[in-house]
Amino acid sequence: MLKLNPILLAVGVLLIASLACAVPVVTPDANVIGTMIVQTIAVAATQTAQAFVPITGLESPTFTPELPTLSPTPTVSPIPVFTSTPTVPLISVSVATNCRVGPGRAYDRVGALLVGEVAEVFGMNPTGEYWYIRNPDSGPEFCWLWGEYATLSGNLSALPIYTPPPTPTPTPAFNVSFAGLETCTNWWVEFRLENTGGVTFKSVSITLRDIATDVVLSMSANGFTNNDGCSTSNTRDNLDPGDRRVVSMLPFNYDPTGHELRATITLCSNTGGTGLCTSEVINFKP
């Protein structure tokens, strides 16, 4: 049911009254009066509705949801891989090298470091040419190794520098062996000499005896001569420590093959068979 507003009802009554005063009294038609009242109410309703039109320009607040703040995912750094460096200084060689009681050939040999072996290093000489190592062989616990063919590893910065022991008085020594029988118009034997001492040899003398025929040959020479066949001959003045050399003897005028021979060989540090000298005796059959 439509509920009439009191204000609108009063307006309608006043309108009817004014019409009554202005025209002759006419019996009002009830339908007309109702229609007018309804129109009046509709106009008022329309005006009332327009009064409540929302004011433009005032926008409803927009709700923006607040996004949660995400903590950054920690970046895991890779764990560094450290390559361990051996702290103990070690030494190896590409060529078998003698180990001596001092840094040099003048010192006695007491061992050797072979290819494939590794020894611990404890020091060096002032020039850095020799290394003081644990002796890889039996004998003294430590010895000096020449570094020409050496490869080192580990921490070398802390190695001490050792003062070499006094140079020993050099000792003459050598090894001798039968090297062969040569022939051209005659026959001669040859000897292989190796200087194993600390003295340089400059002269040689050989006495050779054929025990079967009692023939004796003797020779002395400055330097060391090797006769190769009938035409080639070469001479070396010195036989230094560690050197090897083939030396030819004077010839027999017969073939001594199968005879028992004895040779006495003397090497000296000076020419003319003087200075420090040493001898070796060898028995052999060519």
# chains A, B, ... in the order shown; residues from 1 in each chain; ligands from 1
>>> closest_atom_pairs(of="range 157-227 of chain A", to="range 253-272 of chain A", cutoff="9 Å", atoms="only C-alpha atoms", output="CSV")
residue,atom,partner,partner_atom,distance
A:Pro172,CA,A:Ser269,CA,8.0
A:Ala173,CA,A:Leu267,CA,8.6
A:Phe174,CA,A:Leu267,CA,8.3
A:Val176,CA,A:Ile265,CA,8.3
A:Leu181,CA,A:Thr257,CA,8.1
A:Thr183,CA,A:Asp255,CA,8.7
A:Thr185,CA,A:Asn253,CA,8.3
A:Asn186,CA,A:Asn253,CA,5.4
A:Trp187,CA,A:Asp255,CA,5.9
A:Trp188,CA,A:Asp255,CA,8.5
A:Val199,CA,A:Ser269,CA,6.5
A:Thr200,CA,A:Ser269,CA,5.7
A:Phe201,CA,A:Ser269,CA,4.3
A:Lys202,CA,A:Asn270,CA,5.3
A:Ser203,CA,A:Thr271,CA,5.1
A:Val204,CA,A:Leu267,CA,4.6
A:Ser205,CA,A:Thr266,CA,5.3
A:Ile206,CA,A:Ile265,CA,4.6
A:Thr207,CA,A:Thr264,CA,5.2
A:Leu208,CA,A:Ala263,CA,4.4
A:Arg209,CA,A:Arg262,CA,5.3
A:Asp210,CA,A:Leu261,CA,4.7
A:Ile211,CA,A:Glu260,CA,5.8
A:Ala212,CA,A:His259,CA,6.1
A:Thr213,CA,A:His259,CA,8.5
A:Ser220,CA,A:Gly272,CA,8.1
A:Ala221,CA,A:Gly272,CA,7.4
A:Asn222,CA,A:Thr271,CA,5.6
A:Gly223,CA,A:Thr271,CA,8.0
>>> atom_distance(atom1="CA of Ala158 in chain A", atom2="CA of Asp137 in chain A")
25.4 Å
>>> atom_distance(atom1="CA of Arg245 in chain A", atom2="CA of Thr167 in chain A")
26.1 Å
>>> closest_residue(among="A:Gly273, A:Ile282, A:Ala179, A:Asn195", to="Met219 in chain A", atoms="only C-alpha atoms")
A:Gly273
>>> closest_residue(among="A:Ser153, A:Thr196, A:Thr97, A:Ser177", to="Pro136 in chain A", atoms="only C-alpha atoms")
A:Thr97
>>> atom_distance(atom1="CA of Glu129 in chain A", atom2="CA of Pro168 in chain A")
19.0 Å
>>> select_by_dssp(residues="range 62-196 of chain A", states="strand (DSSP E or B)", output="VMD selection string")
chain A and resid 90 to 93 97 to 100 109 to 113 119 to 124 130 to 134 142 to 146 150 to 153 161 174 to 183 187 to 195
>>> write_last_selection(atoms="N, CA and C atoms", output="compact mmCIF listing (two decimals), in the first residue's frame")
# COMPACT_ATOMS: atom_id res chain seq x y z
N LEU A 90 110.30 -32.06 -1.49
CA LEU A 90 110.70 -33.35 -2.04
C LEU A 90 111.48 -33.14 -3.33
N ILE A 91 112.31 -34.12 -3.68
CA ILE A 91 113.13 -34.02 -4.88
C ILE A 91 113.14 -35.35 -5.61
N SER A 92 113.11 -35.27 -6.94
CA SER A 92 113.24 -36.44 -7.81
C SER A 92 114.14 -36.04 -8.97
N VAL A 93 114.60 -37.02 -9.75
CA VAL A 93 115.53 -36.73 -10.83
C VAL A 93 115.07 -37.43 -12.12
N THR A 97 121.47 -39.70 -10.32
CA THR A 97 122.46 -38.71 -9.90
C THR A 97 123.12 -39.16 -8.61
N ASN A 98 124.45 -39.03 -8.57
CA ASN A 98 125.20 -39.40 -7.37
C ASN A 98 124.90 -38.45 -6.23
N CYS A 99 124.99 -38.97 -5.01
CA CYS A 99 124.83 -38.18 -3.80
C CYS A 99 126.13 -38.27 -3.02
N ARG A 100 126.69 -37.12 -2.63
CA ARG A 100 128.04 -37.08 -2.05
C ARG A 100 128.01 -36.43 -0.67
N ARG A 109 131.47 -40.14 -2.94
CA ARG A 109 130.12 -40.58 -3.26
C ARG A 109 129.64 -41.55 -2.18
N VAL A 110 128.44 -41.30 -1.63
CA VAL A 110 127.91 -42.16 -0.57
C VAL A 110 126.52 -42.70 -0.91
N GLY A 111 126.01 -42.40 -2.09
CA GLY A 111 124.70 -42.88 -2.48
C GLY A 111 124.33 -42.33 -3.84
N ALA A 112 123.09 -42.61 -4.27
CA ALA A 112 122.59 -42.12 -5.55
C ALA A 112 121.08 -42.08 -5.52
N LEU A 113 120.51 -41.06 -6.14
CA LEU A 113 119.06 -40.97 -6.29
C LEU A 113 118.72 -41.42 -7.71
N ALA A 119 113.16 -38.19 -2.54
CA ALA A 119 113.84 -37.98 -1.27
C ALA A 119 113.41 -36.64 -0.67
N GLU A 120 113.48 -36.56 0.64
CA GLU A 120 113.13 -35.33 1.33
C GLU A 120 114.32 -34.37 1.32
N VAL A 121 114.03 -33.09 1.13
CA VAL A 121 115.07 -32.05 1.04
C VAL A 121 115.12 -31.29 2.36
N PHE A 122 116.34 -31.04 2.85
CA PHE A 122 116.51 -30.35 4.13
C PHE A 122 117.29 -29.05 4.01
N GLY A 123 117.88 -28.77 2.87
CA GLY A 123 118.64 -27.53 2.72
C GLY A 123 119.28 -27.44 1.34
N MET A 124 120.04 -26.37 1.15
CA MET A 124 120.73 -26.14 -0.12
C MET A 124 122.06 -25.47 0.14
N TYR A 130 123.23 -27.39 -5.40
CA TYR A 130 123.18 -28.70 -4.74
C TYR A 130 122.14 -28.65 -3.63
N TRP A 131 121.51 -29.82 -3.41
CA TRP A 131 120.46 -29.95 -2.41
C TRP A 131 120.88 -30.97 -1.35
N TYR A 132 120.64 -30.59 -0.11
CA TYR A 132 120.98 -31.45 1.03
C TYR A 132 119.77 -32.32 1.31
N ILE A 133 119.88 -33.63 1.06
CA ILE A 133 118.73 -34.53 1.10
C ILE A 133 119.00 -35.69 2.05
N ARG A 134 117.91 -36.41 2.34
CA ARG A 134 118.06 -37.65 3.08
C ARG A 134 118.60 -38.71 2.13
N PHE A 142 122.46 -38.21 5.57
CA PHE A 142 122.23 -37.12 4.63
C PHE A 142 123.37 -37.04 3.62
N CYS A 143 123.08 -36.46 2.45
CA CYS A 143 124.11 -36.27 1.43
C CYS A 143 123.69 -35.13 0.52
N TRP A 144 124.63 -34.72 -0.35
CA TRP A 144 124.41 -33.60 -1.26
C TRP A 144 124.15 -34.11 -2.67
N LEU A 145 123.06 -33.58 -3.29
CA LEU A 145 122.65 -34.02 -4.63
C LEU A 145 122.74 -32.85 -5.60
N TRP A 146 123.37 -33.09 -6.74
CA TRP A 146 123.45 -32.07 -7.79
C TRP A 146 122.06 -31.85 -8.38
N ALA A 150 117.23 -32.36 -11.45
CA ALA A 150 116.29 -32.49 -10.33
C ALA A 150 114.99 -31.74 -10.59
N THR A 151 113.90 -32.27 -10.02
CA THR A 151 112.60 -31.61 -9.97
C THR A 151 112.18 -31.55 -8.50
N LEU A 152 111.81 -30.35 -8.04
CA LEU A 152 111.47 -30.16 -6.64
C LEU A 152 110.00 -29.80 -6.49
N SER A 153 109.42 -30.15 -5.35
CA SER A 153 108.04 -29.83 -5.04
C SER A 153 107.93 -29.53 -3.55
N ILE A 161 120.06 -22.48 4.24
CA ILE A 161 121.25 -22.54 3.39
C ILE A 161 122.41 -23.05 4.25
N PHE A 174 140.64 -44.94 -9.84
CA PHE A 174 140.02 -45.23 -11.12
C PHE A 174 139.69 -46.72 -11.20
N ASN A 175 138.79 -47.06 -12.12
CA ASN A 175 138.45 -48.44 -12.44
C ASN A 175 138.96 -48.76 -13.84
N VAL A 176 139.37 -50.02 -14.05
CA VAL A 176 139.86 -50.43 -15.36
C VAL A 176 139.22 -51.76 -15.74
N SER A 177 138.94 -51.94 -17.02
CA SER A 177 138.40 -53.20 -17.55
C SER A 177 138.91 -53.41 -18.97
N PHE A 178 138.93 -54.67 -19.39
CA PHE A 178 139.35 -55.02 -20.76
C PHE A 178 138.26 -54.59 -21.73
N ALA A 179 138.65 -53.80 -22.77
CA ALA A 179 137.66 -53.25 -23.71
C ALA A 179 137.63 -53.99 -25.03
N GLY A 180 138.69 -54.75 -25.38
CA GLY A 180 138.66 -55.49 -26.65
C GLY A 180 140.04 -55.63 -27.26
N LEU A 181 140.08 -56.41 -28.33
CA LEU A 181 141.32 -56.66 -29.09
C LEU A 181 141.13 -56.07 -30.49
N GLU A 182 142.04 -55.19 -30.90
CA GLU A 182 142.00 -54.55 -32.22
C GLU A 182 143.15 -55.10 -33.07
N THR A 183 142.97 -54.99 -34.40
CA THR A 183 144.03 -55.44 -35.31
C THR A 183 144.06 -54.58 -36.56
N TRP A 187 148.36 -56.65 -33.56
CA TRP A 187 147.25 -56.78 -32.63
C TRP A 187 147.54 -55.98 -31.35
N TRP A 188 146.57 -55.32 -30.86
CA TRP A 188 146.73 -54.60 -29.60
C TRP A 188 145.45 -54.70 -28.77
N VAL A 189 145.63 -54.62 -27.48
CA VAL A 189 144.48 -54.66 -26.57
C VAL A 189 144.12 -53.24 -26.15
N GLU A 190 142.87 -53.08 -25.74
CA GLU A 190 142.39 -51.77 -25.29
C GLU A 190 141.76 -51.90 -23.91
N PHE A 191 141.90 -50.81 -23.12
CA PHE A 191 141.38 -50.78 -21.76
C PHE A 191 140.39 -49.61 -21.61
N ARG A 192 139.36 -49.87 -20.85
CA ARG A 192 138.37 -48.82 -20.54
C ARG A 192 138.69 -48.29 -19.14
N LEU A 193 138.97 -46.98 -19.06
CA LEU A 193 139.32 -46.34 -17.78
C LEU A 193 138.18 -45.42 -17.33
N GLU A 194 137.91 -45.44 -16.03
CA GLU A 194 136.92 -44.53 -15.44
C GLU A 194 137.52 -43.89 -14.20
N ASN A 195 137.57 -42.56 -14.20
CA ASN A 195 138.11 -41.82 -13.07
C ASN A 195 137.04 -41.75 -11.98
>>> closest_residue(among="A:Cys277, A:Val101, A:Val247, A:Val118", to="Pro164 in chain A", atoms="only C-alpha atoms")
A:Val101
>>> residues_around(residues="Gly197 in chain A", least_positions_apart="4", cutoff="9 Å", atoms="only C-alpha atoms", output="ChimeraX atom specification")
/A:105-108,170-174,240-242
>>> write_last_selection(atoms="N, CA and C atoms", output="short mmCIF file (atom, residue, chain, number, x, y, z; two decimals), in the first residue's frame")
data_model
loop_
_atom_site.label_atom_id
_atom_site.label_comp_id
_atom_site.auth_asym_id
_atom_site.auth_seq_id
_atom_site.Cartn_x
_atom_site.Cartn_y
_atom_site.Cartn_z
N ARG A 105 132.10 -32.83 -7.06
CA ARG A 105 132.76 -34.10 -7.36
C ARG A 105 133.99 -34.36 -6.50
N ALA A 106 134.47 -33.31 -5.86
CA ALA A 106 135.64 -33.51 -5.00
C ALA A 106 135.31 -34.31 -3.75
N TYR A 107 134.04 -34.45 -3.43
CA TYR A 107 133.60 -35.16 -2.24
C TYR A 107 133.29 -36.62 -2.59
N ASP A 108 133.41 -37.47 -1.59
CA ASP A 108 133.18 -38.90 -1.80
C ASP A 108 131.70 -39.17 -2.09
N PRO A 170 141.82 -34.31 -2.33
CA PRO A 170 141.39 -35.22 -3.39
C PRO A 170 142.18 -36.52 -3.38
N THR A 171 141.48 -37.59 -3.66
CA THR A 171 142.10 -38.92 -3.69
C THR A 171 142.06 -39.45 -5.11
N PRO A 172 143.19 -39.85 -5.65
CA PRO A 172 143.17 -40.43 -7.00
C PRO A 172 142.64 -41.86 -6.97
N ALA A 173 141.74 -42.16 -7.89
CA ALA A 173 141.19 -43.51 -7.98
C ALA A 173 140.60 -43.70 -9.37
N PHE A 174 140.64 -44.94 -9.84
CA PHE A 174 140.02 -45.23 -11.12
C PHE A 174 139.69 -46.72 -11.20
N ASP A 240 139.18 -36.38 -16.41
CA ASP A 240 138.62 -35.68 -15.25
C ASP A 240 137.81 -36.63 -14.36
N PRO A 241 137.59 -36.23 -13.11
CA PRO A 241 136.76 -37.06 -12.23
C PRO A 241 135.40 -37.34 -12.87
N GLY A 242 135.04 -38.63 -12.89
CA GLY A 242 133.78 -39.05 -13.49
C GLY A 242 133.87 -39.39 -14.96
#
